[in-house]
$ cat protein_6.cif   # mmCIF, C-alpha atoms and all ligand atoms
data_input
loop_
_atom_site.label_atom_id
_atom_site.label_comp_id
_atom_site.auth_asym_id
_atom_site.auth_seq_id
_atom_site.Cartn_x
_atom_site.Cartn_y
_atom_site.Cartn_z
CA MET W 1 0.00 0.00 0.00
CA GLY W 2 1.30 3.45 -0.91
CA LEU W 3 1.87 6.29 1.50
CA PRO W 4 -1.16 8.40 2.37
CA TYR W 5 0.53 11.33 0.71
CA ARG W 6 -1.17 14.00 -1.31
CA ILE W 7 -0.20 17.10 -3.14
CA LEU W 8 -1.30 20.20 -1.31
CA THR W 9 -0.67 22.56 -4.17
CA ILE W 10 1.34 23.11 -7.32
CA TRP W 11 2.34 26.76 -7.62
CA SER W 12 3.80 28.44 -10.66
CA ASN W 13 6.07 31.47 -10.99
CA THR W 14 5.72 32.36 -7.36
CA ILE W 15 9.26 33.24 -6.39
CA THR W 16 11.75 33.91 -9.13
CA PRO W 17 11.96 33.02 -12.82
CA ARG W 18 14.60 30.31 -12.46
CA ILE W 19 14.53 28.85 -8.95
CA GLY W 20 11.01 28.00 -7.83
CA HIS W 21 9.13 28.69 -11.08
CA LYS W 22 7.13 25.61 -10.04
CA ILE W 23 6.63 24.30 -6.50
CA TYR W 24 5.16 20.92 -5.61
CA SER W 25 3.98 21.03 -2.02
CA PHE W 26 3.12 17.88 -0.06
CA LEU W 27 1.84 17.05 3.39
CA VAL W 28 4.01 13.98 3.74
CA LEU W 29 6.69 12.28 1.66
CA THR W 30 9.34 9.69 2.36
CA SER W 31 11.92 12.28 1.32
CA THR W 32 11.63 15.40 -0.82
CA ASN W 33 14.84 14.25 -2.54
CA ASP W 34 13.09 11.01 -3.59
CA GLU W 35 10.16 12.92 -5.06
CA ALA W 36 12.43 15.43 -6.78
CA LEU W 37 14.43 12.55 -8.24
CA LYS W 38 11.25 11.05 -9.74
CA LEU W 39 10.22 14.39 -11.20
CA ALA W 40 13.70 15.03 -12.59
CA LYS W 41 13.70 11.64 -14.34
CA LYS W 42 10.36 12.55 -15.91
CA GLY W 43 11.98 15.70 -17.28
CA ALA W 44 11.00 18.35 -14.71
CA LYS W 45 12.60 21.66 -15.52
CA GLU W 46 15.55 23.16 -13.69
CA GLY W 47 14.43 25.17 -10.68
CA THR W 48 11.46 22.93 -9.84
CA ILE W 49 11.02 22.75 -6.06
CA VAL W 50 9.52 19.98 -3.90
CA ILE W 51 8.44 20.78 -0.33
CA SER W 52 6.90 18.54 2.31
CA ARG W 53 5.52 19.29 5.79
CA ILE W 54 7.09 16.09 7.11
CA GLN W 55 9.28 13.30 5.77
CA THR W 56 9.03 9.68 6.91
CA LYS W 57 12.50 8.73 5.63
CA GLY W 58 14.43 11.98 5.55
CA ARG W 59 18.08 11.39 4.68
CA GLY W 60 21.17 13.16 5.90
CA ARG W 61 24.70 12.85 4.58
CA GLY W 62 26.39 9.46 4.86
CA GLU W 63 24.15 6.96 6.54
CA ASN W 64 22.45 9.54 8.71
CA ILE W 65 18.71 9.87 9.21
CA TRP W 66 17.31 13.39 8.98
CA TYR W 67 14.52 13.49 11.54
CA SER W 68 11.77 15.43 9.82
CA GLU W 69 9.14 16.35 12.39
CA PRO W 70 6.45 18.99 11.82
CA GLY W 71 7.83 22.50 12.07
CA GLY W 72 10.96 21.99 9.98
CA LEU W 73 11.59 23.05 6.40
CA TYR W 74 12.19 20.12 4.01
CA ILE W 75 12.82 21.19 0.46
CA SER W 76 14.56 19.87 -2.65
CA ILE W 77 15.48 21.77 -5.78
CA ILE W 78 16.08 20.17 -9.19
CA LEU W 79 19.06 21.66 -11.05
CA ARG W 80 20.64 20.80 -14.39
CA PRO W 81 24.09 22.41 -14.22
CA ASN W 82 25.87 20.60 -17.12
CA LEU W 83 29.10 20.40 -15.09
CA SER W 84 31.33 17.44 -14.32
CA ARG W 85 31.11 15.65 -10.99
CA GLU W 86 34.47 17.13 -10.01
CA GLU W 87 33.34 20.66 -10.85
CA LEU W 88 30.19 20.08 -8.80
CA LEU W 89 32.04 19.11 -5.62
CA PRO W 90 32.07 22.62 -4.08
CA PHE W 91 28.43 23.26 -4.96
CA SER W 92 27.10 22.04 -1.62
CA LEU W 93 29.31 24.67 0.09
CA VAL W 94 27.79 27.30 -2.19
CA ILE W 95 24.25 26.20 -1.30
CA ALA W 96 25.11 26.16 2.40
CA ASN W 97 26.33 29.73 2.03
CA SER W 98 23.18 30.78 0.12
CA VAL W 99 20.87 29.18 2.70
CA ALA W 100 22.86 30.80 5.53
CA LYS W 101 22.34 34.23 3.89
CA ALA W 102 18.64 33.49 3.41
CA ILE W 103 18.19 32.56 7.07
CA GLU W 104 20.05 35.72 8.08
CA THR W 105 17.66 37.93 6.10
CA VAL W 106 14.73 36.30 7.90
CA ILE W 107 15.94 36.13 11.52
CA LYS W 108 18.80 38.70 11.53
CA VAL W 109 21.15 36.31 13.33
CA LYS W 110 24.58 35.34 11.97
CA ILE W 111 24.67 31.77 10.67
CA GLY W 112 27.88 29.76 10.70
CA THR W 113 28.83 26.78 8.60
CA LYS W 114 30.71 23.67 9.52
CA TRP W 115 32.46 22.11 6.52
CA ILE W 116 31.10 20.65 4.46
CA ASN W 117 27.60 21.97 4.68
CA ASP W 118 26.20 22.03 8.20
CA LEU W 119 24.47 25.26 9.18
CA ILE W 120 25.12 26.18 12.78
CA ILE W 121 24.34 28.73 15.46
CA ASP W 122 26.34 28.67 18.71
CA ASN W 123 27.91 25.37 17.64
CA LYS W 124 24.48 23.72 17.36
CA LYS W 125 23.12 22.47 14.06
CA VAL W 126 20.13 24.30 12.54
CA GLY W 127 20.28 22.83 9.07
CA GLY W 128 22.08 20.77 6.48
CA ILE W 129 22.34 20.19 2.77
CA LEU W 130 22.26 16.91 0.87
CA VAL W 131 23.24 17.14 -2.79
CA GLU W 132 22.47 13.97 -4.74
CA THR W 133 23.05 12.94 -8.35
CA GLU W 134 22.33 9.70 -10.19
CA GLY W 135 24.33 7.42 -12.42
CA GLU W 136 28.03 7.27 -13.17
CA THR W 137 28.27 9.58 -16.16
CA GLU W 138 30.97 12.24 -16.10
CA LYS W 139 28.30 14.95 -16.26
CA PRO W 140 25.10 14.07 -14.37
CA ASP W 141 21.81 14.97 -16.14
CA PHE W 142 20.59 16.71 -13.00
CA LEU W 143 21.28 17.14 -9.33
CA ILE W 144 18.93 17.35 -6.40
CA ALA W 145 19.78 19.94 -3.76
CA GLY W 146 18.03 18.84 -0.57
CA ILE W 147 17.82 21.45 2.18
CA GLY W 148 16.67 20.79 5.73
CA VAL W 149 16.29 23.63 8.24
CA ASN W 150 15.07 23.34 11.82
CA VAL W 151 12.61 26.21 11.80
CA ASN W 152 9.82 25.95 14.36
CA GLN W 153 10.59 22.77 16.29
CA THR W 154 10.70 23.44 20.02
CA HIS W 155 12.49 20.34 21.24
CA PHE W 156 14.96 17.75 20.00
CA PRO W 157 14.56 14.72 22.26
CA ASN W 158 17.87 13.21 23.37
CA ASN W 159 19.86 15.50 21.11
CA ASP W 160 21.64 18.51 22.54
CA THR W 161 23.54 19.13 19.30
CA MET W 162 20.50 20.53 17.47
CA THR W 163 18.61 23.79 17.72
CA SER W 164 15.94 25.61 15.72
CA LEU W 165 15.46 29.15 14.48
CA ARG W 166 12.45 29.48 16.77
CA LEU W 167 14.49 28.47 19.82
CA ILE W 168 17.13 31.07 18.88
CA VAL W 169 14.83 34.05 18.34
CA SER W 170 11.98 32.99 20.66
CA GLN W 171 9.33 33.45 18.03
CA LYS W 172 7.63 31.46 15.30
CA ILE W 173 9.21 31.87 11.88
CA SER W 174 7.42 31.79 8.52
CA ARG W 175 8.71 28.86 6.48
CA TRP W 176 7.27 30.42 3.35
CA GLN W 177 9.32 33.58 3.93
CA LEU W 178 12.38 31.37 4.26
CA VAL W 179 11.60 29.48 1.04
CA LYS W 180 11.32 32.79 -0.80
CA ALA W 181 14.61 34.02 0.68
CA ILE W 182 16.39 30.78 -0.33
CA GLY W 183 14.97 31.09 -3.86
CA LYS W 184 16.20 34.67 -4.12
CA GLU W 185 19.73 33.84 -2.93
CA LEU W 186 20.06 30.86 -5.27
CA GLU W 187 18.68 32.85 -8.17
CA LYS W 188 21.84 35.00 -7.88
CA ASP W 189 24.34 32.42 -6.64
CA TYR W 190 23.57 29.48 -8.93
CA PRO W 191 24.43 31.28 -12.24
CA LEU W 192 27.51 32.78 -10.56
CA PHE W 193 28.64 29.29 -9.57
CA LEU W 194 28.02 28.00 -13.12
CA SER W 195 30.24 30.68 -14.61
CA ASN W 196 32.89 31.20 -11.92
CA LYS W 197 32.75 28.04 -9.76
CA PHE W 198 33.65 28.35 -6.07
CA SER W 199 36.02 31.37 -6.24
CA PRO W 200 33.42 34.17 -5.75
CA PHE W 201 32.04 32.39 -2.66
CA ARG W 202 35.27 31.30 -1.04
CA GLU W 203 35.93 34.28 1.23
CA GLU W 204 32.34 34.49 2.45
CA TYR W 205 32.23 30.75 3.08
CA LYS W 206 35.46 31.01 5.05
CA SER W 207 34.15 33.91 7.10
CA ARG W 208 31.26 31.72 8.25
CA CYS W 209 33.26 28.55 8.69
CA ALA W 210 33.35 27.81 12.41
CA ILE W 211 36.20 25.29 12.25
CA LEU W 212 38.80 27.44 10.49
CA ASN W 213 42.04 27.47 12.56
CA LYS W 214 40.53 24.92 14.95
CA ALA W 215 41.78 21.47 15.78
CA VAL W 216 39.37 18.81 14.62
CA SER W 217 38.99 15.15 13.99
CA VAL W 218 37.60 14.24 10.60
CA ILE W 219 36.03 10.91 9.70
CA VAL W 220 36.95 9.93 6.15
CA GLY W 221 35.61 6.50 5.23
CA SER W 222 36.82 4.25 8.03
CA ASP W 223 39.71 6.58 9.01
CA LYS W 224 39.81 9.24 11.67
CA ILE W 225 42.26 12.05 10.92
CA LEU W 226 43.36 14.55 13.56
CA GLY W 227 44.59 17.95 12.53
CA LYS W 228 44.24 21.70 12.42
CA VAL W 229 42.08 23.34 9.75
CA ILE W 230 44.38 25.70 7.84
CA ASP W 231 42.15 26.80 4.96
CA ILE W 232 39.37 26.01 2.52
CA ASP W 233 40.88 26.00 -0.97
CA GLU W 234 39.56 27.32 -4.30
CA LYS W 235 37.86 23.97 -4.94
CA GLY W 236 36.12 23.92 -1.56
CA ARG W 237 38.50 21.35 -0.12
CA LEU W 238 39.46 21.36 3.54
CA ILE W 239 43.19 21.93 4.02
CA LEU W 240 44.29 20.15 7.15
CA LEU W 241 47.67 20.14 8.89
CA THR W 242 47.64 16.65 10.33
CA SER W 243 49.04 15.62 13.69
CA ASN W 244 52.14 14.27 11.88
CA GLN W 245 52.66 17.66 10.20
CA LYS W 246 51.43 16.74 6.69
CA LEU W 247 49.26 19.12 4.67
CA ILE W 248 46.32 17.26 3.17
CA ARG W 249 43.28 18.36 1.15
CA LEU W 250 39.94 16.65 1.76
CA THR W 251 36.96 16.74 -0.59
CA LEU W 252 34.72 14.71 1.72
CA GLY W 253 34.57 13.93 5.40
CA ARG W 254 32.59 14.38 8.57
CA ILE W 255 33.90 16.73 11.24
CA LEU W 256 33.50 15.45 14.77
CA ARG W 257 32.59 17.88 17.50
CA GLU W 258 35.48 16.89 19.66
CA PHE W 259 38.51 19.17 19.46
CA ASP W 260 41.92 18.02 20.50
CA PRO W 261 43.49 20.83 22.57
CA LEU W 262 47.01 19.64 21.65
CA PHE W 263 46.56 21.18 18.19
CA CYS W 264 44.84 24.43 19.13
C1 LIG L 1 22.81 16.65 6.61
O1 LIG L 1 23.11 17.61 7.32
O2 LIG L 1 23.21 15.51 6.87
C2 LIG L 1 21.95 16.90 5.40
C3 LIG L 1 20.51 16.98 5.77
C4 LIG L 1 19.62 17.21 4.56
C5 LIG L 1 18.16 17.06 4.89
C6 LIG L 1 17.28 17.47 3.74
S1 LIG L 1 15.60 17.67 4.21
C7 LIG L 1 15.14 17.81 2.55
C8 LIG L 1 15.94 16.79 1.78
N1 LIG L 1 15.29 15.50 1.83
C9 LIG L 1 16.00 14.59 2.49
O3 LIG L 1 15.67 13.40 2.66
N2 LIG L 1 17.14 15.14 2.93
C10 LIG L 1 17.25 16.52 2.54
#
$ encode --input "protein_6.cif" --output "structure tokens"
Amino acid sequence: MGLPYRILTIWSNTITPRIGHKIYSFLVLTSTNDEALKLAKKGAKEGTIVISRIQTKGRGRGENIWYSEPGGLYISIILRPNLSREELLPFSLVIANSVAKAIETVIKVKIGTKWINDLIIDNKKVGGILVETEGETEKPDFLIAGIGVNVNQTHFPNNDTMTSLRLIVSQKISRWQLVKAIGKELEKDYPLFLSNKFSPFREEYKSRCAILNKAVSVIVGSDKILGKVIDIDEKGRLILLTSNQKLIRLTLGRILREFDPLFC
């Protein structure tokens, strides 16, 4: 038996000409990325957005579950960038930066990032980005940019690493206002990324990046690497001075919260 899901609305041309020209809005989905993937395979145009009030199988990066209770913002955007997988690597940093700016316009509070694409306030996570592509071709036909933001949730049972915009500003926040703000930021940033890649975003991303010059441990596959974050390079890679004094560049990895004071 299928999910009891139903489309609330399909809107057209509500935000901006490119990003959000069409919005599919659902009450419940397994994952907005799954629905966006289906639409993309059927030929949905670039900029199509899928939103759901809740997700029953929200995904985070790696093997993580993205708990998708009522009150959060769960949105996926279909894009067709015509770039190689390598060129696309820094794109999730660009989206994190765009979403951070969008949140700032709505709640007037500075948003930090934690490489690769966690959105944080006071070292607690308020959102994350999951960029997915399909197939093995050098240039994917499309990508799905999944964005999750903790907007109006008031508690995170057994998880003191999460917070929400509402908990930060002590008032309810309009998710629709946030969707519009994200659309507006990406309307500017996406074409800039297509033409100039990560360079125009690098300094701003670095200024938000909460782990720059900090000692961290990074999980890469089954390895745990200790080191000090020296820089984010022009391709969005993390430059780490490891505990045995080697400079390495990482394209992927998960930063652990623990900091080793020996390297600070
Ligand atoms: C992360 O920080 O691990 C990424 C979280 C991404 C969550 C969003 S919510 C909308 C979209 N649908 C999903 O299943 N995941 C992304």
$ closest_residue --input "protein_6.cif" --among "W:Leu88, W:Ala40, W:Glu234, W:Gln55" --to "Arg249 in chain W" --atoms "all atoms listed in the file"
W:Glu234
$ closest_residue --input "protein_6.cif" --among "W:Tyr67, W:Phe26, W:Tyr74, W:Phe142" --to "ligand LIG 1 (chain L)" --atoms "only C-alpha atoms and all ligand atoms"
W:Tyr74
$ atom_distance --input "protein_6.cif" --atom1 "CA of Val151 in chain W" --atom2 "CA of Ser76 in chain W"
15.9 Å
$ closest_atom_pairs --input "protein_6.cif" --of "range 96-182 of chain W" --to "range 210-225 of chain W" --cutoff "8 Å" --atoms "all atoms listed in the file" --output "CSV"
residue,atom,partner,partner_atom,distance
W:Gly112,CA,W:Ala210,CA,6.1
W:Thr113,CA,W:Ala210,CA,6.0
W:Lys114,CA,W:Ala210,CA,5.7
W:Trp115,CA,W:Ile211,CA,7.5
W:Asn123,CA,W:Ala210,CA,7.9
$ closest_atom_pairs --input "protein_6.cif" --of "chain W" --to "ligand LIG 1 (chain L)" --cutoff "10 Å" --atoms "all atoms listed in the file" --output "JSON lines"
{"residue": "W:Leu29", "atom": "CA", "partner": "L:LIG1", "partner_atom": "O3", "distance": 9.1}
{"residue": "W:Thr30", "atom": "CA", "partner": "L:LIG1", "partner_atom": "O3", "distance": 7.3}
{"residue": "W:Ser31", "atom": "CA", "partner": "L:LIG1", "partner_atom": "O3", "distance": 4.1}
{"residue": "W:Thr32", "atom": "CA", "partner": "L:LIG1", "partner_atom": "N1", "distance": 4.5}
{"residue": "W:Asn33", "atom": "CA", "partner": "L:LIG1", "partner_atom": "N1", "distance": 4.6}
{"residue": "W:Asp34", "atom": "CA", "partner": "L:LIG1", "partner_atom": "O3", "distance": 7.2}
{"residue": "W:Glu35", "atom": "CA", "partner": "L:LIG1", "partner_atom": "N1", "distance": 9.0}
{"residue": "W:Ala36", "atom": "CA", "partner": "L:LIG1", "partner_atom": "N1", "distance": 9.1}
{"residue": "W:Val50", "atom": "CA", "partner": "L:LIG1", "partner_atom": "C7", "distance": 8.8}
{"residue": "W:Ile51", "atom": "CA", "partner": "L:LIG1", "partner_atom": "C7", "distance": 7.9}
{"residue": "W:Ser52", "atom": "CA", "partner": "L:LIG1", "partner_atom": "C7", "distance": 8.3}
{"residue": "W:Ile54", "atom": "CA", "partner": "L:LIG1", "partner_atom": "S1", "distance": 9.1}
{"residue": "W:Gln55", "atom": "CA", "partner": "L:LIG1", "partner_atom": "O3", "distance": 7.1}
{"residue": "W:Thr56", "atom": "CA", "partner": "L:LIG1", "partner_atom": "O3", "distance": 8.7}
{"residue": "W:Lys57", "atom": "CA", "partner": "L:LIG1", "partner_atom": "O3", "distance": 6.4}
{"residue": "W:Gly58", "atom": "CA", "partner": "L:LIG1", "partner_atom": "O3", "distance": 3.5}
{"residue": "W:Arg59", "atom": "CA", "partner": "L:LIG1", "partner_atom": "O3", "distance": 3.7}
{"residue": "W:Gly60", "atom": "CA", "partner": "L:LIG1", "partner_atom": "O2", "distance": 3.3}
{"residue": "W:Arg61", "atom": "CA", "partner": "L:LIG1", "partner_atom": "O2", "distance": 3.8}
{"residue": "W:Gly62", "atom": "CA", "partner": "L:LIG1", "partner_atom": "O2", "distance": 7.1}
{"residue": "W:Glu63", "atom": "CA", "partner": "L:LIG1", "partner_atom": "O2", "distance": 8.6}
{"residue": "W:Asn64", "atom": "CA", "partner": "L:LIG1", "partner_atom": "O2", "distance": 6.3}
{"residue": "W:Ile65", "atom": "CA", "partner": "L:LIG1", "partner_atom": "O2", "distance": 7.6}
{"residue": "W:Trp66", "atom": "CA", "partner": "L:LIG1", "partner_atom": "C5", "distance": 5.6}
{"residue": "W:Tyr67", "atom": "CA", "partner": "L:LIG1", "partner_atom": "C5", "distance": 8.4}
{"residue": "W:Ser68", "atom": "CA", "partner": "L:LIG1", "partner_atom": "S1", "distance": 7.2}
{"residue": "W:Gly72", "atom": "CA", "partner": "L:LIG1", "partner_atom": "S1", "distance": 8.6}
{"residue": "W:Leu73", "atom": "CA", "partner": "L:LIG1", "partner_atom": "S1", "distance": 7.1}
{"residue": "W:Tyr74", "atom": "CA", "partner": "L:LIG1", "partner_atom": "C7", "distance": 4.0}
{"residue": "W:Ile75", "atom": "CA", "partner": "L:LIG1", "partner_atom": "C7", "distance": 4.6}
{"residue": "W:Ser76", "atom": "CA", "partner": "L:LIG1", "partner_atom": "C8", "distance": 5.6}
{"residue": "W:Ile77", "atom": "CA", "partner": "L:LIG1", "partner_atom": "C8", "distance": 9.1}
{"residue": "W:Lys114", "atom": "CA", "partner": "L:LIG1", "partner_atom": "O1", "distance": 10.0}
{"residue": "W:Ile116", "atom": "CA", "partner": "L:LIG1", "partner_atom": "O1", "distance": 9.0}
{"residue": "W:Asn117", "atom": "CA", "partner": "L:LIG1", "partner_atom": "O1", "distance": 6.8}
{"residue": "W:Asp118", "atom": "CA", "partner": "L:LIG1", "partner_atom": "O1", "distance": 5.5}
{"residue": "W:Leu119", "atom": "CA", "partner": "L:LIG1", "partner_atom": "O1", "distance": 8.0}
{"residue": "W:Lys125", "atom": "CA", "partner": "L:LIG1", "partner_atom": "O1", "distance": 8.3}
{"residue": "W:Val126", "atom": "CA", "partner": "L:LIG1", "partner_atom": "O1", "distance": 9.0}
{"residue": "W:Gly127", "atom": "CA", "partner": "L:LIG1", "partner_atom": "O1", "distance": 6.2}
{"residue": "W:Gly128", "atom": "CA", "partner": "L:LIG1", "partner_atom": "O1", "distance": 3.4}
{"residue": "W:Ile129", "atom": "CA", "partner": "L:LIG1", "partner_atom": "C2", "distance": 4.2}
{"residue": "W:Leu130", "atom": "CA", "partner": "L:LIG1", "partner_atom": "C2", "distance": 4.5}
{"residue": "W:Val131", "atom": "CA", "partner": "L:LIG1", "partner_atom": "C10", "distance": 8.0}
{"residue": "W:Glu132", "atom": "CA", "partner": "L:LIG1", "partner_atom": "C10", "distance": 9.3}
{"residue": "W:Ile144", "atom": "CA", "partner": "L:LIG1", "partner_atom": "C8", "distance": 8.7}
{"residue": "W:Ala145", "atom": "CA", "partner": "L:LIG1", "partner_atom": "C8", "distance": 7.4}
{"residue": "W:Gly146", "atom": "CA", "partner": "L:LIG1", "partner_atom": "C8", "distance": 3.8}
{"residue": "W:Ile147", "atom": "CA", "partner": "L:LIG1", "partner_atom": "C6", "distance": 4.3}
{"residue": "W:Gly148", "atom": "CA", "partner": "L:LIG1", "partner_atom": "S1", "distance": 3.6}
{"residue": "W:Val149", "atom": "CA", "partner": "L:LIG1", "partner_atom": "S1", "distance": 7.2}
{"residue": "W:Asn150", "atom": "CA", "partner": "L:LIG1", "partner_atom": "S1", "distance": 9.5}
{"residue": "W:Arg254", "atom": "CA", "partner": "L:LIG1", "partner_atom": "O2", "distance": 9.6}
$ closest_residue --input "protein_6.cif" --among "W:Glu87, W:Ala44, W:Ile10, W:Lys101" --to "Leu178 in chain W" --atoms "all atoms listed in the file"
W:Lys101
$ residues_around --input "protein_6.cif" --residues "Ile232 in chain W" --least-positions-apart "6" --cutoff "7 Å" --atoms "all atoms listed in the file" --output "list of chain:residue names"
W:Lys206, W:Leu238, W:Ile239
$ atom_distance --input "protein_6.cif" --atom1 "CA of Val94 in chain W" --atom2 "CA of Asp141 in chain W"
19.6 Å
$ closest_residue --input "protein_6.cif" --among "W:Ala96, W:Leu89, W:Ile107, W:Leu143" --to "Lys45 in chain W" --atoms "all atoms listed in the file"
W:Leu143
$ atom_distance --input "protein_6.cif" --atom1 "CA of Leu93 in chain W" --atom2 "CA of Thr105 in chain W"
18.6 Å
$ closest_residue --input "protein_6.cif" --among "W:Ile49, W:Val106, W:Val169, W:Ile78" --to "Ile121 in chain W" --atoms "all atoms listed in the file"
W:Val169
$ closest_residue --input "protein_6.cif" --among "W:Glu134, W:Phe91, W:Asn159, W:Val229" --to "Lys38 in chain W" --atoms "all atoms listed in the file"
W:Glu134
$ residues_around --input "protein_6.cif" --residues "Thr137 in chain W" --least-positions-apart "4" --cutoff "12 Å" --atoms "all atoms listed in the file" --output "list in words"
Asn82, Leu83, Ser84, Arg85, Glu86, Thr133, Asp141 and Phe142 of chain W
$ axis_aligned_box --input "protein_6.cif" --around "range 151-161 of chain W" --padding-each-side "6 Å" --output "JSON"
{"center_x": 16.7, "center_y": 19.7, "center_z": 17.6, "size_x": 25.7, "size_y": 25.0, "size_z": 23.6}
$ residues_around --input "protein_6.cif" --residues "Glu46 in chain W" --least-positions-apart "2" --cutoff "8 Å" --atoms "only C-alpha atoms" --output "list of chain:residue names"
W:Arg18, W:Ile19, W:Ala44, W:Thr48, W:Ile78, W:Leu79, W:Arg80
